[in-house]
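Enquirer: Questions regarding the structure given below will be posed in turn.
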Amino acid sequence: MCKLFDDWKKEIREYCENNGLSFEAAEKLSQSWNKTTIVLYHCESQNSDSGLLNDEPSPMVLLIRREKNGRLTFEQTEHTDKYLKKVS
Amino acid sequence: MSIHSIDMPIEQRNTGKGNPNAVLMFGVELNNRQKMLLEKLPEFDSRIIVSRSSVNMTDLAALTAYTGDEFAMFTKGNERLIIRGGKTNVNIDTAQAKVLANEGYRWSGHTHPGLNYNCLTASLGDKTVLKCFPQKTSVIYNSKGQYLTFSKEE
């Protein structure tokens with residue numbers, strides 16, 4: 001898990017709760033990051049011996065960015081509901 | 001310091017040459033050292049070893065912006081191995097990755113053609129290849145020069 005996710009955990013949890021998304025499921029997704037951004041995405045858990053010979057990016061589920069004004073913004077994708085929507 | 005490592009930042013600062021986003025969006029030229037790299041990487045699976053100071057990940061992003069192909073970079077001491085791939089692949093399977101790791105290479109990063117964060121997620125193959133190396137993380141750059149770090153699954 002990247003440190004940023006830990007740092008932003010409270011805000012991410014709040015966003016998930018306010019938008020009917022499962023924070024527990026979000027925590028389990030793969031994470032990529034830079035200084036101001038975290039991307040949550042679904043990556044299969046098994047290995048692929050073909051390595052970079054099959055290098056299609058995994059489906060992005062949620063984009064989280066810290067804007068210059070300090071606000072955390074979230075962008076859902078066409079995959080968000082599939083992986084994060086709470087089943088009622 | 002080589003003449004090429006001096007050339008790049010001056011050109012880039014004054015003209016946008018070699019800036020991945022400028023190459024992609026405005027058709028700006030590659031800078032001189034990127035042109036030299038591309039001459040030595042003419043087709044899929046072309047490979048070269050160059051000095052560490054003569055290439056960085058932003059250069060590979062610029063080459064991806066120019067060609068639409070992936071490029072991968074591995075570093076050992078003062079040398080870097082650059083491999084040209086195709087639109088969605090590089091000829092590195094796990095067997096080859098283990099050989100590179102045993103030779104002392106670190107996987108510095110690679111590129112995914114594309115314009116946004118969608119293309120910066122790691123593939124299953126990326127994660128598997130990273131597990132072949134002792135390092136914990138590597139980076140993916142897109143055609144605009146944006147990047148994300150990814151890690152092995154914990």
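If you're wondering about the labels, chains in the structure tokens are A, B, ... by order shown, residues count from 1 in each chain, ligands from 1 in order shown.
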Check chain A with DSSP on the backbone and list each residue it calls strand (DSSP E or B), as a PyMOL selection string.
Expert: chain A and resi 21+30-33+37-41+60-66+72-76+85
Enquirer: For the residues in that selection, give me N, CA, C and O atoms as a compact mmCIF listing (two decimals), in the first residue's frame.
Expert:
# COMPACT_ATOMS: atom_id res chain seq x y z
N LEU A 21 -20.01 3.58 -2.13
CA LEU A 21 -18.91 2.70 -2.54
C LEU A 21 -18.31 2.02 -1.32
O LEU A 21 -18.35 2.55 -0.21
N SER A 30 -5.42 -2.68 -6.43
CA SER A 30 -4.04 -2.28 -6.68
C SER A 30 -3.94 -0.76 -6.69
O SER A 30 -4.90 -0.08 -7.06
N GLN A 31 -2.77 -0.25 -6.32
CA GLN A 31 -2.56 1.20 -6.25
C GLN A 31 -1.32 1.59 -7.06
O GLN A 31 -0.29 0.93 -6.97
N SER A 32 -1.47 2.65 -7.82
CA SER A 32 -0.29 3.32 -8.41
C SER A 32 -0.38 4.78 -8.01
O SER A 32 -1.47 5.30 -7.79
N TRP A 33 0.76 5.45 -7.95
CA TRP A 33 0.73 6.80 -7.39
C TRP A 33 1.91 7.65 -7.88
O TRP A 33 2.91 7.14 -8.37
N THR A 37 -1.25 12.11 -6.75
CA THR A 37 -2.30 11.28 -7.35
C THR A 37 -2.20 9.83 -6.89
O THR A 37 -1.09 9.30 -6.75
N ILE A 38 -3.36 9.23 -6.68
CA ILE A 38 -3.43 7.77 -6.50
C ILE A 38 -4.44 7.23 -7.51
O ILE A 38 -5.53 7.80 -7.66
N VAL A 39 -4.09 6.17 -8.19
CA VAL A 39 -5.03 5.47 -9.04
C VAL A 39 -5.29 4.10 -8.43
O VAL A 39 -4.35 3.37 -8.12
N LEU A 40 -6.58 3.78 -8.25
CA LEU A 40 -6.95 2.43 -7.81
C LEU A 40 -7.40 1.65 -9.03
O LEU A 40 -8.18 2.17 -9.85
N TYR A 41 -6.93 0.43 -9.17
CA TYR A 41 -7.28 -0.37 -10.35
C TYR A 41 -7.32 -1.84 -10.00
O TYR A 41 -6.77 -2.29 -8.99
N MET A 60 -8.83 0.99 -14.76
CA MET A 60 -8.78 1.98 -13.68
C MET A 60 -10.16 2.09 -13.03
O MET A 60 -11.16 2.21 -13.73
N VAL A 61 -10.20 2.07 -11.72
CA VAL A 61 -11.46 2.07 -10.99
C VAL A 61 -11.76 3.44 -10.36
O VAL A 61 -12.89 3.90 -10.36
N LEU A 62 -10.74 4.07 -9.82
CA LEU A 62 -10.95 5.36 -9.17
C LEU A 62 -9.67 6.19 -9.23
O LEU A 62 -8.58 5.68 -8.92
N LEU A 63 -9.81 7.44 -9.65
CA LEU A 63 -8.68 8.38 -9.71
C LEU A 63 -8.84 9.39 -8.58
O LEU A 63 -9.89 10.02 -8.45
N ILE A 64 -7.81 9.52 -7.76
CA ILE A 64 -7.87 10.41 -6.59
C ILE A 64 -6.71 11.40 -6.70
O ILE A 64 -5.56 10.97 -6.84
N ARG A 65 -7.04 12.69 -6.66
CA ARG A 65 -5.98 13.70 -6.83
C ARG A 65 -6.06 14.79 -5.78
O ARG A 65 -7.16 15.28 -5.46
N ARG A 66 -4.95 15.21 -5.27
CA ARG A 66 -4.87 16.38 -4.39
C ARG A 66 -4.64 17.60 -5.28
O ARG A 66 -3.60 17.72 -5.94
N LEU A 72 -9.17 17.31 -2.07
CA LEU A 72 -9.01 15.99 -2.69
C LEU A 72 -10.17 15.77 -3.65
O LEU A 72 -11.33 15.92 -3.27
N THR A 73 -9.86 15.44 -4.92
CA THR A 73 -10.93 15.22 -5.89
C THR A 73 -10.92 13.75 -6.33
O THR A 73 -9.87 13.10 -6.33
N PHE A 74 -12.09 13.27 -6.70
CA PHE A 74 -12.27 11.87 -7.09
C PHE A 74 -12.90 11.81 -8.47
O PHE A 74 -13.81 12.57 -8.76
N GLU A 75 -12.41 10.91 -9.29
CA GLU A 75 -13.03 10.67 -10.60
C GLU A 75 -13.35 9.19 -10.72
O GLU A 75 -12.44 8.34 -10.65
N GLN A 76 -14.64 8.89 -10.91
CA GLN A 76 -15.03 7.50 -11.13
C GLN A 76 -14.85 7.16 -12.60
O GLN A 76 -14.77 8.05 -13.45
N LYS A 85 -19.09 -0.69 -6.01
CA LYS A 85 -20.47 -0.38 -5.60
C LYS A 85 -20.89 -1.32 -4.48
O LYS A 85 -20.71 -2.54 -4.58
Enquirer: Please identify every residue of chain B that has at least one atom no more than 8 Å from any atom of chain A, counting only C-alpha atoms, and report them as a PDB file with N, CA, C and O atoms, in the first residue's frame.
Expert:
ATOM      1  N   THR B  88       1.563  -2.448 -27.487  1.00  0.00           N
ATOM      2  CA  THR B  88       1.126  -2.921 -26.161  1.00  0.00           C
ATOM      3  C   THR B  88       2.037  -4.009 -25.622  1.00  0.00           C
ATOM      4  O   THR B  88       1.598  -4.864 -24.845  1.00  0.00           O
ATOM      5  N   ASN B  89       3.294  -4.000 -26.021  1.00  0.00           N
ATOM      6  CA  ASN B  89       4.176  -5.062 -25.525  1.00  0.00           C
ATOM      7  C   ASN B  89       5.654  -4.698 -25.651  1.00  0.00           C
ATOM      8  O   ASN B  89       6.032  -3.822 -26.421  1.00  0.00           O
ATOM      9  N   VAL B  90       6.439  -5.387 -24.852  1.00  0.00           N
ATOM     10  CA  VAL B  90       7.898  -5.349 -24.961  1.00  0.00           C
ATOM     11  C   VAL B  90       8.348  -6.798 -24.845  1.00  0.00           C
ATOM     12  O   VAL B  90       7.766  -7.575 -24.076  1.00  0.00           O
ATOM     13  N   ASN B  91       9.361  -7.175 -25.601  1.00  0.00           N
ATOM     14  CA  ASN B  91       9.769  -8.576 -25.617  1.00  0.00           C
ATOM     15  C   ASN B  91      10.577  -8.949 -24.361  1.00  0.00           C
ATOM     16  O   ASN B  91      11.769  -9.248 -24.431  1.00  0.00           O
ATOM     17  N   ILE B  92       9.897  -8.888 -23.221  1.00  0.00           N
ATOM     18  CA  ILE B  92      10.496  -9.314 -21.950  1.00  0.00           C
ATOM     19  C   ILE B  92       9.492 -10.213 -21.231  1.00  0.00           C
ATOM     20  O   ILE B  92       8.496  -9.723 -20.678  1.00  0.00           O
ATOM     21  N   ASP B  93       9.726 -11.513 -21.279  1.00  0.00           N
ATOM     22  CA  ASP B  93       8.900 -12.415 -20.485  1.00  0.00           C
ATOM     23  C   ASP B  93       9.583 -12.629 -19.130  1.00  0.00           C
ATOM     24  O   ASP B  93      10.642 -12.056 -18.860  1.00  0.00           O
ATOM     25  N   THR B  94       8.983 -13.441 -18.290  1.00  0.00           N
ATOM     26  CA  THR B  94       9.559 -13.582 -16.943  1.00  0.00           C
ATOM     27  C   THR B  94      10.927 -14.266 -16.974  1.00  0.00           C
ATOM     28  O   THR B  94      11.779 -13.975 -16.140  1.00  0.00           O
ATOM     29  N   ALA B  95      11.139 -15.167 -17.935  1.00  0.00           N
ATOM     30  CA  ALA B  95      12.446 -15.838 -18.029  1.00  0.00           C
ATOM     31  C   ALA B  95      13.541 -14.800 -18.321  1.00  0.00           C
ATOM     32  O   ALA B  95      14.611 -14.807 -17.678  1.00  0.00           O
ATOM     33  N   HIS B 112       3.809   3.344 -21.427  1.00  0.00           N
ATOM     34  CA  HIS B 112       2.565   2.870 -22.040  1.00  0.00           C
ATOM     35  C   HIS B 112       2.060   3.997 -22.933  1.00  0.00           C
ATOM     36  O   HIS B 112       1.807   5.100 -22.434  1.00  0.00           O
ATOM     37  N   TYR B 117      -4.432   9.001 -17.327  1.00  0.00           N
ATOM     38  CA  TYR B 117      -4.087   8.069 -16.257  1.00  0.00           C
ATOM     39  C   TYR B 117      -4.573   6.646 -16.530  1.00  0.00           C
ATOM     40  O   TYR B 117      -4.064   5.705 -15.942  1.00  0.00           O
ATOM     41  N   ASN B 118      -5.569   6.503 -17.419  1.00  0.00           N
ATOM     42  CA  ASN B 118      -6.061   5.157 -17.746  1.00  0.00           C
ATOM     43  C   ASN B 118      -4.939   4.234 -18.205  1.00  0.00           C
ATOM     44  O   ASN B 118      -4.961   3.045 -17.928  1.00  0.00           O
ATOM     45  N   CYS B 119      -3.993   4.804 -18.938  1.00  0.00           N
ATOM     46  CA  CYS B 119      -2.944   3.963 -19.513  1.00  0.00           C
ATOM     47  C   CYS B 119      -1.755   3.800 -18.561  1.00  0.00           C
ATOM     48  O   CYS B 119      -0.788   3.134 -18.896  1.00  0.00           O
ATOM     49  N   LEU B 120      -1.838   4.405 -17.385  1.00  0.00           N
ATOM     50  CA  LEU B 120      -0.706   4.334 -16.447  1.00  0.00           C
ATOM     51  C   LEU B 120      -0.859   3.240 -15.394  1.00  0.00           C
ATOM     52  O   LEU B 120      -0.019   3.101 -14.518  1.00  0.00           O
ATOM     53  N   THR B 121      -1.948   2.481 -15.473  1.00  0.00           N
ATOM     54  CA  THR B 121      -2.079   1.364 -14.540  1.00  0.00           C
ATOM     55  C   THR B 121      -1.177   0.220 -14.994  1.00  0.00           C
ATOM     56  O   THR B 121      -0.927   0.041 -16.181  1.00  0.00           O
ATOM     57  N   ALA B 122      -0.708  -0.548 -14.020  1.00  0.00           N
ATOM     58  CA  ALA B 122       0.161  -1.685 -14.338  1.00  0.00           C
ATOM     59  C   ALA B 122      -0.678  -2.827 -14.900  1.00  0.00           C
ATOM     60  O   ALA B 122      -1.821  -3.038 -14.494  1.00  0.00           O
ATOM     61  N   SER B 123      -0.112  -3.553 -15.834  1.00  0.00           N
ATOM     62  CA  SER B 123      -0.752  -4.767 -16.341  1.00  0.00           C
ATOM     63  C   SER B 123      -0.375  -5.929 -15.430  1.00  0.00           C
ATOM     64  O   SER B 123       0.541  -5.823 -14.595  1.00  0.00           O
ATOM     65  N   LEU B 124      -1.063  -7.034 -15.634  1.00  0.00           N
ATOM     66  CA  LEU B 124      -0.689  -8.247 -14.901  1.00  0.00           C
ATOM     67  C   LEU B 124       0.765  -8.618 -15.218  1.00  0.00           C
ATOM     68  O   LEU B 124       1.525  -9.024 -14.340  1.00  0.00           O
ATOM     69  N   GLY B 125       1.143  -8.449 -16.485  1.00  0.00           N
ATOM     70  CA  GLY B 125       2.525  -8.738 -16.881  1.00  0.00           C
ATOM     71  C   GLY B 125       3.531  -7.827 -16.185  1.00  0.00           C
ATOM     72  O   GLY B 125       4.615  -8.273 -15.784  1.00  0.00           O
ATOM     73  N   ASP B 126       3.170  -6.556 -16.012  1.00  0.00           N
ATOM     74  CA  ASP B 126       4.062  -5.618 -15.301  1.00  0.00           C
ATOM     75  C   ASP B 126       4.330  -6.110 -13.878  1.00  0.00           C
ATOM     76  O   ASP B 126       5.472  -6.115 -13.400  1.00  0.00           O
ATOM     77  N   LYS B 127       3.250  -6.485 -13.200  1.00  0.00           N
ATOM     78  CA  LYS B 127       3.382  -6.936 -11.808  1.00  0.00           C
ATOM     79  C   LYS B 127       4.244  -8.201 -11.736  1.00  0.00           C
ATOM     80  O   LYS B 127       5.075  -8.352 -10.835  1.00  0.00           O
ATOM     81  N   THR B 128       4.027  -9.094 -12.690  1.00  0.00           N
ATOM     82  CA  THR B 128       4.765 -10.358 -12.688  1.00  0.00           C
ATOM     83  C   THR B 128       6.251 -10.124 -12.956  1.00  0.00           C
ATOM     84  O   THR B 128       7.114 -10.721 -12.300  1.00  0.00           O
ATOM     85  N   VAL B 129       6.541  -9.254 -13.904  1.00  0.00           N
ATOM     86  CA  VAL B 129       7.954  -8.955 -14.211  1.00  0.00           C
ATOM     87  C   VAL B 129       8.627  -8.286 -13.016  1.00  0.00           C
ATOM     88  O   VAL B 129       9.769  -8.600 -12.675  1.00  0.00           O
ATOM     89  N   TYR B 147       3.553  10.218 -15.005  1.00  0.00           N
ATOM     90  CA  TYR B 147       4.006   8.913 -14.540  1.00  0.00           C
ATOM     91  C   TYR B 147       3.260   8.498 -13.276  1.00  0.00           C
ATOM     92  O   TYR B 147       2.702   9.334 -12.547  1.00  0.00           O
ATOM     93  N   LEU B 148       3.240   7.200 -13.048  1.00  0.00           N
ATOM     94  CA  LEU B 148       2.796   6.634 -11.769  1.00  0.00           C
ATOM     95  C   LEU B 148       3.773   5.541 -11.373  1.00  0.00           C
ATOM     96  O   LEU B 148       4.340   4.843 -12.227  1.00  0.00           O
ATOM     97  N   THR B 149       3.969   5.415 -10.075  1.00  0.00           N
ATOM     98  CA  THR B 149       4.773   4.326  -9.507  1.00  0.00           C
ATOM     99  C   THR B 149       3.847   3.154  -9.197  1.00  0.00           C
ATOM    100  O   THR B 149       2.722   3.360  -8.737  1.00  0.00           O
ATOM    101  N   PHE B 150       4.287   1.945  -9.462  1.00  0.00           N
ATOM    102  CA  PHE B 150       3.510   0.778  -9.046  1.00  0.00           C
ATOM    103  C   PHE B 150       4.406  -0.166  -8.250  1.00  0.00           C
ATOM    104  O   PHE B 150       5.631  -0.061  -8.300  1.00  0.00           O
ATOM    105  N   SER B 151       3.745  -1.042  -7.510  1.00  0.00           N
ATOM    106  CA  SER B 151       4.523  -1.926  -6.628  1.00  0.00           C
ATOM    107  C   SER B 151       4.102  -3.375  -6.825  1.00  0.00           C
ATOM    108  O   SER B 151       3.109  -3.672  -7.489  1.00  0.00           O
ATOM    109  N   GLU B 153       2.400  -6.769  -5.653  1.00  0.00           N
ATOM    110  CA  GLU B 153       1.254  -7.020  -4.775  1.00  0.00           C
ATOM    111  C   GLU B 153       1.764  -7.510  -3.429  1.00  0.00           C
ATOM    112  O   GLU B 153       2.707  -8.285  -3.367  1.00  0.00           O
ATOM    113  N   GLU B 154       1.123  -7.023  -2.361  1.00  0.00           N
ATOM    114  CA  GLU B 154       1.590  -7.438  -1.033  1.00  0.00           C
ATOM    115  C   GLU B 154       0.717  -8.565  -0.506  1.00  0.00           C
ATOM    116  O   GLU B 154      -0.362  -8.789  -0.964  1.00  0.00           O
TER     117      GLU B 154
END
Enquirer: Which is closest to A:Thr80 among A:Lys68, A:Ala26, A:Lys10, A:Lys3, if we use only C-alpha atoms?
Expert: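 Under the stated criterion, the closest residue is A:Ala26.
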Enquirer: Could you list, as a list of chain:residue names, every residue within 12 Å of B:Gly114, counting only C-alpha atoms and ignoring same-chain residues fewer than 6 positions away?
Expert: A:Glu56, A:Pro57, B:Pro20, B:Asn21, B:Leu24, B:Met25, B:Ala61, B:Ala62, B:Thr64, B:Ala65, B:Tyr66, B:Thr67, B:Gly68, B:Asp69, B:Glu70, B:Lys87, B:Thr88, B:Leu120, B:Thr121, B:Ile140, B:Tyr141, B:Asn142, B:Ser143, B:Lys144, B:Gly145, B:Gln146, B:Tyr147
Enquirer: Can you list, as number ranges by chain, all residues belonging to stretch 10-106 of chain B that DSSP tags as helix (DSSP H, G or I)?
Expert: B: 10-15, 20-26, 32-40, 52-54, 57-67, 94-102
Enquirer: Please, could you write that set of residues out with C-alpha atoms as a CSV table (one decimal), in the first residue's frame?
Expert:
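Written output follows (result.csv):
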chain,number,residue,atom,x,y,z
B,10,ILE,CA,19.2,23.7,-23.1
B,11,GLU,CA,17.3,22.7,-26.2
B,12,GLN,CA,14.3,21.6,-24.2
B,13,ARG,CA,14.2,24.8,-22.2
B,14,ASN,CA,14.3,27.1,-25.2
B,15,THR,CA,12.2,25.3,-27.8
B,20,PRO,CA,6.9,14.5,-24.5
B,21,ASN,CA,3.8,16.6,-24.3
B,22,ALA,CA,5.1,19.1,-26.9
B,23,VAL,CA,6.1,16.2,-29.2
B,24,LEU,CA,2.7,14.6,-28.9
B,25,MET,CA,0.4,17.7,-29.0
B,26,PHE,CA,2.3,20.1,-31.2
B,32,ASN,CA,19.3,15.5,-30.4
B,33,ARG,CA,20.0,12.8,-27.9
B,34,GLN,CA,16.4,11.3,-28.3
B,35,LYS,CA,17.0,11.3,-32.1
B,36,MET,CA,20.2,9.4,-31.6
B,37,LEU,CA,18.5,6.9,-29.4
B,38,LEU,CA,15.7,6.4,-31.9
B,39,GLU,CA,18.2,5.8,-34.7
B,40,LYS,CA,19.7,3.0,-32.7
B,52,ARG,CA,23.2,6.3,-17.4
B,53,SER,CA,23.5,10.0,-17.9
B,54,SER,CA,22.5,9.8,-21.6
B,57,MET,CA,12.4,8.1,-18.4
B,58,THR,CA,11.3,11.4,-19.9
B,59,ASP,CA,13.3,10.7,-23.0
B,60,LEU,CA,11.5,7.3,-23.3
B,61,ALA,CA,8.1,9.1,-22.9
B,62,ALA,CA,9.1,11.4,-25.8
B,63,LEU,CA,10.1,8.4,-27.9
B,64,THR,CA,6.7,6.9,-27.1
B,65,ALA,CA,4.9,10.2,-28.0
B,66,TYR,CA,6.8,10.2,-31.3
B,67,THR,CA,6.5,6.5,-32.3
B,94,THR,CA,9.6,-13.6,-16.9
B,95,ALA,CA,12.4,-15.8,-18.0
B,96,GLN,CA,14.3,-12.9,-19.6
B,97,ALA,CA,13.4,-10.7,-16.6
B,98,LYS,CA,15.0,-13.2,-14.3
B,99,VAL,CA,18.2,-13.2,-16.4
B,100,LEU,CA,18.4,-9.4,-16.3
B,101,ALA,CA,17.8,-9.5,-12.5
B,102,ASN,CA,20.6,-12.1,-12.1
Enquirer: Near B:Gly104, counting only C-alpha atoms, which residues have an atom at most 10 Å away, once you skip same-chain residues fewer than 5 positions from it, shown as a VMD selection string?
Expert: chain B and resid 74 to 77 98 to 99 133 to 134
Enquirer: Would you save the residues from that selection as an mmCIF file, in the first residue's frame, using N, CA and C atoms?
Expert:
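Dumped everything to part.cif:
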data_model
loop_
_atom_site.group_PDB
_atom_site.id
_atom_site.type_symbol
_atom_site.label_atom_id
_atom_site.label_comp_id
_atom_site.auth_asym_id
_atom_site.auth_seq_id
_atom_site.Cartn_x
_atom_site.Cartn_y
_atom_site.Cartn_z
ATOM 1 N N PHE B 74 16.246 -0.639 -18.209
ATOM 2 C CA PHE B 74 16.826 -1.387 -17.095
ATOM 3 C C PHE B 74 18.197 -0.774 -16.788
ATOM 4 N N THR B 75 18.514 -0.648 -15.509
ATOM 5 C CA THR B 75 19.751 0.041 -15.114
ATOM 6 C C THR B 75 20.638 -0.875 -14.279
ATOM 7 N N LYS B 76 21.940 -0.854 -14.630
ATOM 8 C CA LYS B 76 22.949 -1.570 -13.832
ATOM 9 C C LYS B 76 24.161 -0.662 -13.707
ATOM 10 N N GLY B 77 24.457 -0.233 -12.499
ATOM 11 C CA GLY B 77 25.593 0.675 -12.315
ATOM 12 C C GLY B 77 25.427 1.906 -13.169
ATOM 13 N N LYS B 98 14.194 -12.541 -15.288
ATOM 14 C CA LYS B 98 15.034 -13.179 -14.259
ATOM 15 C C LYS B 98 16.510 -13.140 -14.656
ATOM 16 N N VAL B 99 16.778 -13.321 -15.946
ATOM 17 C CA VAL B 99 18.164 -13.231 -16.426
ATOM 18 C C VAL B 99 18.722 -11.831 -16.169
ATOM 19 N N PHE B 133 12.465 -9.016 -9.937
ATOM 20 C CA PHE B 133 13.553 -8.142 -9.495
ATOM 21 C C PHE B 133 13.463 -7.933 -7.976
ATOM 22 N N PRO B 134 14.595 -7.694 -7.312
ATOM 23 C CA PRO B 134 14.551 -7.489 -5.861
ATOM 24 C C PRO B 134 13.931 -6.161 -5.440
#
Enquirer: Of the candidates A:Asn19, A:Arg13, A:Ala25, A:Arg71, which shows the shortest atom-to-atom distance to A:Tyr83, using only C-alpha atoms?
Expert: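 The shortest atom-to-atom distance to A:Tyr83 comes from A:Ala25.
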Enquirer: When you look at B:Lys17 with a cut-off of 6 Å (counting only C-alpha atoms), what residues show up, excluding the ones that are within fewer than 5 positions of it in the same chain? I need them as number ranges by chain.
Expert: B: 12, 28-31
Enquirer: Would you save the residues of that selection, restricted to N, CA and C atoms, as a PDB file, in the first residue's frame?
Expert:
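Result written to again20.pdb:
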ATOM      1  N   GLN B  12      15.644  21.839 -24.691  1.00  0.00           N
ATOM      2  CA  GLN B  12      14.293  21.640 -24.183  1.00  0.00           C
ATOM      3  C   GLN B  12      13.751  22.914 -23.552  1.00  0.00           C
ATOM      4  N   VAL B  28       6.320  18.896 -31.992  1.00  0.00           N
ATOM      5  CA  VAL B  28       7.681  19.415 -31.785  1.00  0.00           C
ATOM      6  C   VAL B  28       8.684  18.284 -31.967  1.00  0.00           C
ATOM      7  N   GLU B  29       9.864  18.624 -32.461  1.00  0.00           N
ATOM      8  CA  GLU B  29      10.900  17.618 -32.718  1.00  0.00           C
ATOM      9  C   GLU B  29      11.408  16.964 -31.439  1.00  0.00           C
ATOM     10  N   LEU B  30      11.937  15.775 -31.590  1.00  0.00           N
ATOM     11  CA  LEU B  30      12.726  15.170 -30.519  1.00  0.00           C
ATOM     12  C   LEU B  30      13.999  15.985 -30.359  1.00  0.00           C
ATOM     13  N   ASN B  31      14.603  15.945 -29.180  1.00  0.00           N
ATOM     14  CA  ASN B  31      15.904  16.608 -29.049  1.00  0.00           C
ATOM     15  C   ASN B  31      17.009  15.704 -29.614  1.00  0.00           C
TER      16      ASN B  31
END
